[in-house]
Every structure is written in structure tokens, then in C-alpha cells.
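Colleague: There's a structure below that I have some questions on.
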Amino acid sequence: MKLRLRLLLLVTLFTSISINAEQVKREDREPEAATGFNQKKAHLASEYMVVAANPYASWAGKNILKNGGNAIDAAIAVQAMLTLVEPQSSGIGGGNFILYWDNKAKKLFAYDGRETAPSKVNAYLFMQDGKPMKWRDAVVGGRSVGVPGALKALQKAHSEFGSMEWETLFSDAISTAEEGFTVSPRLERLLALKFHPGLQDFLSSKAYFYPNGKELTQGTNKKNTKLARVLRNIAQQGADYFYQGELAEKIAKTAQLATINPGLLTKEDIQNYSAKKRDAVCGYYRTYKICGMPPPSSGGISVLQILKMLEGFDLAKMGPNSVPAMHLFTQSSKLAYADRKMYIADSDFSQLPFAALISQSYLSRRADSIDLKKDMSFARPGDPYITASLGQDTSFELPNTSHVSIIDKHGNAVAMTSSIEFAFGSGLMVEGFLLNNQLTDFSLHPSPNNRPALNRVEPNKRPKSAMSPTMVFDQNDQLVLVLGSPGGSRIVSYVAQTIIGVLDWGLDIQQAINLPKVTNRNDYTALEKGTLAETWKSDFEALGHNVKVIDLNSGLHGIQISGKTLIGGADPRREGIAVGE
């Protein structure tokens, strides 16, 4: 009860958020509608820190750390709480990528909890009459649901590094689900906008999110007793409760019997799921080591590509919020996104060594095409694989996501990005939680231009993801930065720009997160609406850019280590907070 009362006060801080529904256009849809900008200050601590996307989740993680748990323990508590209070973004019905830094052993571990395609799918899952399905038909309903992996990855990490009993890590989420949580302004706005095109078409989801035909309203108390029961059983029985029994059957049947786009997910698919432990992707940017997730995440490769191709330019001299620096950033981004669209896919289904994409010689050749005085227009993929003949990915890639950064009192750290893909996922709800629509992160067309897409749908394959949990180390292999973000395919840009803000421009993590966002996914240069970036439009156009001024809805959460001080930063564009002592 104390936790709920404390968080009620925190949630009321965001009541000033407003949004114009006209800003949200279905033909140019971002992963989530922007819901305002609430200025935040860096939070300082000396022992431990948690930064998550909702105050309830941040405090649940802090409670674990305060009571002797470590970063992995706290991540489990945070994810359980996010399933309840931020259902539009992530949850046990989705997947995740986890980086874990073992500070004593000085080793980094990567856990892949990405969803997998059902065993009965084929490459034409999203094709109809020889064409890719329309957006609504692909995203909504059972066809897009992959096997959820978040719980399995968390349990795998906990079995190796957890310090508290598994059962104790769900207590805050269970009690809050039973007593009720205070609906946030952001959740209300997304429901009021009817941002998900099919959420009201499914009885369970409609009853939960639109009681009496009207969306949940901010400030009201919302209980979720079904989810409380599921979490209690998971706490007592482990992840097997989710994957091996009656709940697995319910999840499969919900996908198979969906009234829109019935899917192919089976109970056996869920039972056979396994999280994977992988080697992190690491490379050097100036004097720092940048580490991220390997494929099927593009984060470790694409973030590093953007940074490495900028090493030949003196960004520090240009300074933050300068058109020359951000022009260079867009050019490097174009090249990285061109490669990303062609070459990133589940490495278990590819014979192409992804290390070729981050080799110094290859990236130096790519960087030669960057011109300080003009836009390169459309960037073509590079040729790291001479014999490869591939088609470019045609996925929608509109993931709705959440990122968590944690450092415990022993210096262990977690960077975890989790997702159910689009806002409110597939729209299907099972026992109080939403199911993902991650299969639309595959290329909807298996062979564009009559060439096979590396990221095409295949049985038991994991779709490509932009999720980019990242850790940065100094020349002495000391951890200095833990970060990540939601934001769909723009995640890569958000993370790379923030790293530049800290390493090149000397900003603290909060200042770097606050920077006006500029992105280019090899399409157009997007300048963040309502920020200083708006004033750069004519300057970019003079350099030949195709410019759009739009909302850029990052959700960066990071922790910077400066000596013995932890500096926590939470994105002012969302509801997250940093807490610690």
C-alpha cells in the first residue's frame, strides 16, 4: 500500500501532458504517439540506481536493490511491474534483449529472449494475392504473434547470476495488481487516440482497456486480478508455469482462434522455446569500447557502425546542437541503415559472418562517401559479402518498447530492452497480459526484387530487431555508461546520438538524452518538432536534405558512472524516472 501511495504522487507529476490527435497519421505512423515533454533533472546516487519507464517499475526495482538483491533480481521485478502498468509497451507476452555486466569477474553476458516464429509458418505468412498484407491485416490478431521469450531470458539470467529467491521478485507487481495502480496520462492518451487499430475488436482487451465503452482515464485506480494470479503462479512455479501447462495452451488458442487473422502458434511451439546466451558485439569508438546485442538485434552492429564512420570527424570541436555535426550524423546513419536493411537477421539462420559489417577496413571505405557539405541522397548497402545476392527487408518495424538500466551496489549492471512490438501488441489479451505482434518485424515480402530477404519468415526463427541495449567501457575496461531506448527502427539513432553527447560533447547522461533528436533511416531527415532542431530545417535543406519536422518519441533511460557517482537520466518525452541511493 505504501508503494502505491508513493507512486500515486509521482504519477500526478505527469498530468500536464497533452497531445493533438491530428499529429498522429496512420500513413506515417510512429511506434507510439508523442505525449508531451516534461523536463527532468539528472538523479544522483552513490550506491545503486534504477531507471525505468514508469515510476511503479523504478520503485519496484529499487525495493529489490535496497533489500540486498542485485541488478538481475531488480530487472525481473521491473519487468513484472511494467507488464501491469505499461501494458502498451512490454510484458511477459513479449520478448527482450539483456546485457549483464558481472563487475567482479569483469565479464559481459548477453541474453536473447526474442520471440520465435511458430514451427508451421512459411516465408509467405504475410503475403496475399502476391502482395504483402496491409498494415492492419499484418499487425492485428493471431497471425503476428510469436512465442514470448521475456520470462525465459530473465529466468536463464537469474539461474546464473540472481542472488534473491525467484519467488520474492514478483511481490510488488502482485500486490499492485491486486490493490490497483494509478492509470497514467500516457496510457489514457494512447487509448483515447485509439492508437491500436484492433484493440477494441477483441472482447478481453476491450473489457479491460475500455470499460463501459470508454477508455481508462488517468488518475483512476485499475486492478488486474488475472495478471496477479499469473504472476503469483510464475513466482511459485517458475517460468514453466507460463511455458509448459494450461497457460501455454490458452496463449496458443487465443492466437489460433483470433477473430481477426487467426494464427499458427501452437502449445508445442511455446513448450519448445529456449532463450539463448550469446556473445555481445563490441568495438572501439575513439578510446571507448561500445558493446551491444548481436543479431537478431541490429543494435550492436548498427550503433557501432554509425559511431565508427564518424571517427574521422572532430565532433567535439563542432559541439552539440550544431548543423554540421548533425549533418554528419545523418550521413553515417544512412549508410548504417542501408546495411541494416539488407544484412541483419537471426544469425542462426544466416551463413554470413556479421563481424564483416564492423571491420575497420569496411567502415573506412563506407565513411569515404560522407561529404561535409552535401547530403548523399539515397545510400546503397555496402559489399562486405562479395558473393551475397539478397533482397532488402520490407518489415513494418513499428515496435513499442521499454528500456531499463540498472546498476547495483556491487557495480553489476543490466541494460534490458523489452517489447511487444506495436503499441498494445497484437491487441490480443490472455489472463491479464497482452500478446506481441513481433512477427511483423520479419520482411513481409520474402523475396523483394526476386532476391531472398535475409530477414524473411522461417519456422522457429527470430525476427530482426532495432532494440539496442548498450554498455560503454573506458580504456581501463571500467563501465561508464548503461543505456537504451524504445522508438522502433529509430532506436539505433537515439542510442548513437546519446553516446556522442556523452563521449564527444562532455554532456552528462540526462543532458545527452534531452538533446533535440535528429534521425535519418536512409529515407528523410527527421527533425524533432517543438525543439531547437525545428530551426535547422532551412540549413539542412540547403545541404540537399529531404526534411520533415515531426515528433520523435524516444524513451531513453541511462546511467552514467562518474567516479563514485551514479548519474541517472530519464527521457523527458515519456513517464520514466531514475531512482537510487
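Going by the C-alpha cells order, chains are called A, B, ..., each with residues numbered from 1, while ligands are numbered from 1 in the order shown.
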Taking the DSSP secondary structure from the backbone, can you list the residues of segment 331-579 of chain A that are strand (DSSP E), as a count of residues only?
Modeller: 57
Colleague: I want to know what sits within 9 Å of Asp314 of chain A, based on only C-alpha atoms, with residues of the same chain fewer than 4 positions away left out; could you give that as an MDAnalysis selection string?
Modeller: chainID A and resid 310 318 325 504
Colleague: Would you output that residue set with N, CA and C atoms, as a CSV table (one decimal), in the first residue's frame?
Modeller:
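out00.csv, freshly written:
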chain,number,residue,atom,x,y,z
A,310,LEU,N,32.1,8.0,-38.0
A,310,LEU,CA,32.3,9.4,-37.6
A,310,LEU,C,33.6,9.6,-37.0
A,318,MET,N,33.0,20.6,-33.2
A,318,MET,CA,31.7,21.1,-33.7
A,318,MET,C,30.7,21.4,-32.6
A,325,ALA,N,27.6,19.0,-37.3
A,325,ALA,CA,27.7,17.7,-36.6
A,325,ALA,C,26.5,16.8,-36.9
A,504,ASP,N,31.6,12.6,-26.9
A,504,ASP,CA,32.3,13.7,-27.7
A,504,ASP,C,32.0,15.1,-27.1
Colleague: Identify which of the residues A:Asp346, A:Asp279, A:Asp201, A:Asp137 lies closest to Ser298 of chain A, counting only C-alpha atoms when measuring atom-to-atom distances.
Modeller: A:Asp346
Colleague: Check segment 315-505 of chain A with DSSP on the backbone and list each residue it calls helix (DSSP H, G or I), as JSON, numbers by chain.
Modeller: {"A": [315, 316, 317, 318, 323, 324, 325, 326, 327, 328, 329, 330, 331, 332, 333, 334, 335, 336, 337, 338, 339, 340, 341, 342, 343, 347, 348, 349, 354, 355, 356, 357, 358, 360, 361, 362, 363, 364, 365, 366, 367, 438, 439, 440, 441, 448, 449, 450, 488, 489, 490, 491, 492, 493, 494, 495, 496, 497, 498, 499, 500, 501, 502, 503]}
Colleague: With only C-alpha atoms as the counted atoms, please give the residues lying no more than 9 Å from Leu151 of chain A, apart from itself and same-chain residues fewer than 4 positions off, as a PyMOL selection string.
Modeller: chain A and resi 76+79+91-96+113+155-156+239+242+275
Colleague: Based on the selection just made, write C-alpha atoms of those residues as a CSV table (one decimal), in the first residue's frame.
Modeller:
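Listed below is the output, again-v5.csv:
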chain,number,residue,atom,x,y,z
A,76,ILE,CA,12.8,-9.2,-13.1
A,79,GLN,CA,9.6,-6.3,-16.0
A,91,GLY,CA,5.4,-7.5,-20.8
A,92,ILE,CA,5.6,-11.2,-20.3
A,93,GLY,CA,3.7,-11.6,-23.6
A,94,GLY,CA,6.7,-10.3,-25.5
A,95,GLY,CA,10.4,-10.6,-25.7
A,96,ASN,CA,13.6,-8.9,-24.6
A,113,GLY,CA,14.7,-13.5,-25.2
A,155,GLN,CA,14.9,-16.9,-15.7
A,156,LYS,CA,18.1,-18.0,-17.5
A,239,ALA,CA,8.7,-19.9,-15.9
A,242,PHE,CA,4.0,-20.0,-18.4
A,275,ALA,CA,16.3,-18.3,-24.5
Colleague: I'd like to know which of A:Lys464, A:Ile98, A:Glu431, A:Gln438 is closest to Val482 of chain A, using only C-alpha atoms.
Modeller: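 Between A:Lys464, A:Ile98, A:Glu431, A:Gln438, the residue approaching Val482 of chain A most closely is A:Ile98.
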Colleague: Quick one: residues within 8 Å of segment 381-385 of chain A, only C-alpha atoms counted, chain neighbours fewer than 6 positions away excluded, as a tab-separated table (two decimals) with N, CA and C atoms, in the first residue's frame?
Modeller:
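Generated file (result_21.tsv):
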chain	number	residue	atom	x	y	z
A	335	LEU	N	24.13	5.27	-44.12
A	335	LEU	CA	24.96	4.13	-44.51
A	335	LEU	C	24.70	2.92	-43.61
A	338	ALA	N	21.23	1.44	-44.40
A	338	ALA	CA	21.23	0.71	-45.66
A	338	ALA	C	21.75	-0.71	-45.45
A	339	ASP	N	22.83	-0.84	-44.69
A	339	ASP	CA	23.36	-2.18	-44.38
A	339	ASP	C	22.40	-2.96	-43.51
A	342	MET	N	19.59	-4.69	-45.34
A	342	MET	CA	19.99	-5.80	-46.20
A	342	MET	C	20.55	-6.99	-45.44
A	352	LEU	N	26.31	-15.69	-43.16
A	352	LEU	CA	27.15	-14.52	-43.33
A	352	LEU	C	27.70	-14.06	-41.98
A	356	ALA	N	31.96	-8.92	-40.32
A	356	ALA	CA	32.42	-8.19	-41.51
A	356	ALA	C	31.82	-6.80	-41.57
A	357	LEU	N	30.64	-6.61	-40.98
A	357	LEU	CA	29.95	-5.32	-41.04
A	357	LEU	C	30.59	-4.27	-40.14
A	362	TYR	N	36.29	-2.08	-43.73
A	362	TYR	CA	35.00	-1.92	-44.40
A	362	TYR	C	34.36	-0.59	-44.05
A	366	ARG	N	33.27	2.80	-46.28
A	366	ARG	CA	31.92	3.35	-46.25
A	366	ARG	C	31.94	4.84	-45.90
Colleague: Just checking: using only C-alpha atoms, which residue out of A:Asn460, A:Ser184, A:Ser538, A:Asn212 ends up closest to Val85 of chain A?
Modeller: A:Ser184
Colleague: Between A:Thr525, A:Gln478, A:Asn520, A:Ser171, which one has atoms that come closest to Gln560 of chain A, using only C-alpha atoms?
Modeller: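 Distance minimum relative to Gln560 of chain A lands on A:Gln478.
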Colleague: Quick one: everything within 10 Å of Tyr124 of chain A, counting only C-alpha atoms, minus sequence neighbours fewer than 3 positions away in the same chain. Send it as a ChimeraX atom specification.
Modeller: /A:121,127-128,130-132,443-447,456-458
Colleague: Give me a file of those residues, with C-alpha atoms, as a PDB file, in the first residue's frame.
Modeller:
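Result went into out30.pdb, see below:
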ATOM      1  CA  VAL A 121       4.873 -20.848 -40.729  1.00  0.00           C
ATOM      2  CA  MET A 127       1.564 -12.351 -48.403  1.00  0.00           C
ATOM      3  CA  GLN A 128      -1.874 -12.230 -50.020  1.00  0.00           C
ATOM      4  CA  GLY A 130       1.182 -11.967 -54.414  1.00  0.00           C
ATOM      5  CA  LYS A 131       1.478  -8.778 -52.345  1.00  0.00           C
ATOM      6  CA  PRO A 132       2.424  -8.008 -48.730  1.00  0.00           C
ATOM      7  CA  SER A 443      10.302  -8.967 -44.014  1.00  0.00           C
ATOM      8  CA  LEU A 444       6.673  -9.191 -45.129  1.00  0.00           C
ATOM      9  CA  HIS A 445       7.830  -9.973 -48.658  1.00  0.00           C
ATOM     10  CA  PRO A 446      10.164 -12.993 -48.661  1.00  0.00           C
ATOM     11  CA  SER A 447      11.924 -12.112 -51.917  1.00  0.00           C
ATOM     12  CA  ARG A 456      12.293 -13.466 -44.244  1.00  0.00           C
ATOM     13  CA  VAL A 457       9.881 -15.553 -42.156  1.00  0.00           C
ATOM     14  CA  GLU A 458      11.059 -19.070 -41.349  1.00  0.00           C
TER      15      GLU A 458
END
Colleague: List the neighbours of Gly68 of chain A out to 10 Å using only C-alpha atoms; skip same-chain residues closer than 5 positions along the sequence, and give me the result as a PyMOL selection string.
Modeller: chain A and resi 63+73-74+163-164+408-409
Colleague: Which of these residues is nearest to Thr287 of chain A, using only C-alpha atoms: A:Glu160, A:Asp508, A:Asp375, A:Glu311?
Modeller: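 Nearest to Thr287 of chain A: A:Glu311.
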Colleague: Would you mind listing what lies within 9 Å of Ser493 of chain A as a list of chain:residue names, with only C-alpha atoms counted and same-chain residues fewer than 6 positions away left out?
Modeller: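 The contact residues come out as A:Ser302, A:Val303, A:Ile306, A:Phe329, A:Thr330, A:Ser333, A:Lys517, A:Val518, A:Thr519, A:Asn520, A:Arg521.
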Colleague: Using only C-alpha atoms, please write the residues we just selected to a file, as a short mmCIF file (atom, residue, chain, number, x, y, z; two decimals), in the first residue's frame.
Modeller:
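Now in out-v3.cif:
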data_model
loop_
_atom_site.label_atom_id
_atom_site.label_comp_id
_atom_site.auth_asym_id
_atom_site.auth_seq_id
_atom_site.Cartn_x
_atom_site.Cartn_y
_atom_site.Cartn_z
CA SER A 302 24.30 -0.53 -36.36
CA VAL A 303 25.11 1.71 -33.37
CA ILE A 306 27.28 4.91 -37.04
CA PHE A 329 25.33 12.06 -38.10
CA THR A 330 22.57 11.70 -40.69
CA SER A 333 23.13 6.85 -40.17
CA LYS A 517 16.53 14.38 -31.84
CA VAL A 518 17.66 14.11 -35.46
CA THR A 519 17.33 10.87 -37.42
CA ASN A 520 17.70 9.57 -40.94
CA ARG A 521 16.90 5.94 -41.66
#
Colleague: Using Å and a single decimal, report how far atom CA of Gly501 of chain A sits from atom CA of Asp474 of chain A.
Modeller: 15.5 Å
Colleague: Of the candidates A:Gly141, A:Pro87, A:Pro185, A:Pro294, which shows the shortest atom-to-atom distance to Gly219 of chain A, using only C-alpha atoms?
Modeller: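 Looking at the shortest contact to Gly219 of chain A, the residue is A:Pro185.
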Colleague: Could you state the separation of atom CA of Leu363 of chain A and atom CA of Pro448 of chain A in Å, given to one decimal place?
Modeller: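 That distance, rounded to one decimal, is 26.2 Å.
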Colleague: Work out how far atom CA of Lys222 of chain A is from atom CA of Gln256 of chain A, in Å to one decimal.
Modeller: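 Straight-line distance from atom CA of Gln256 of chain A to atom CA of Lys222 of chain A works out to 28.9 Å.
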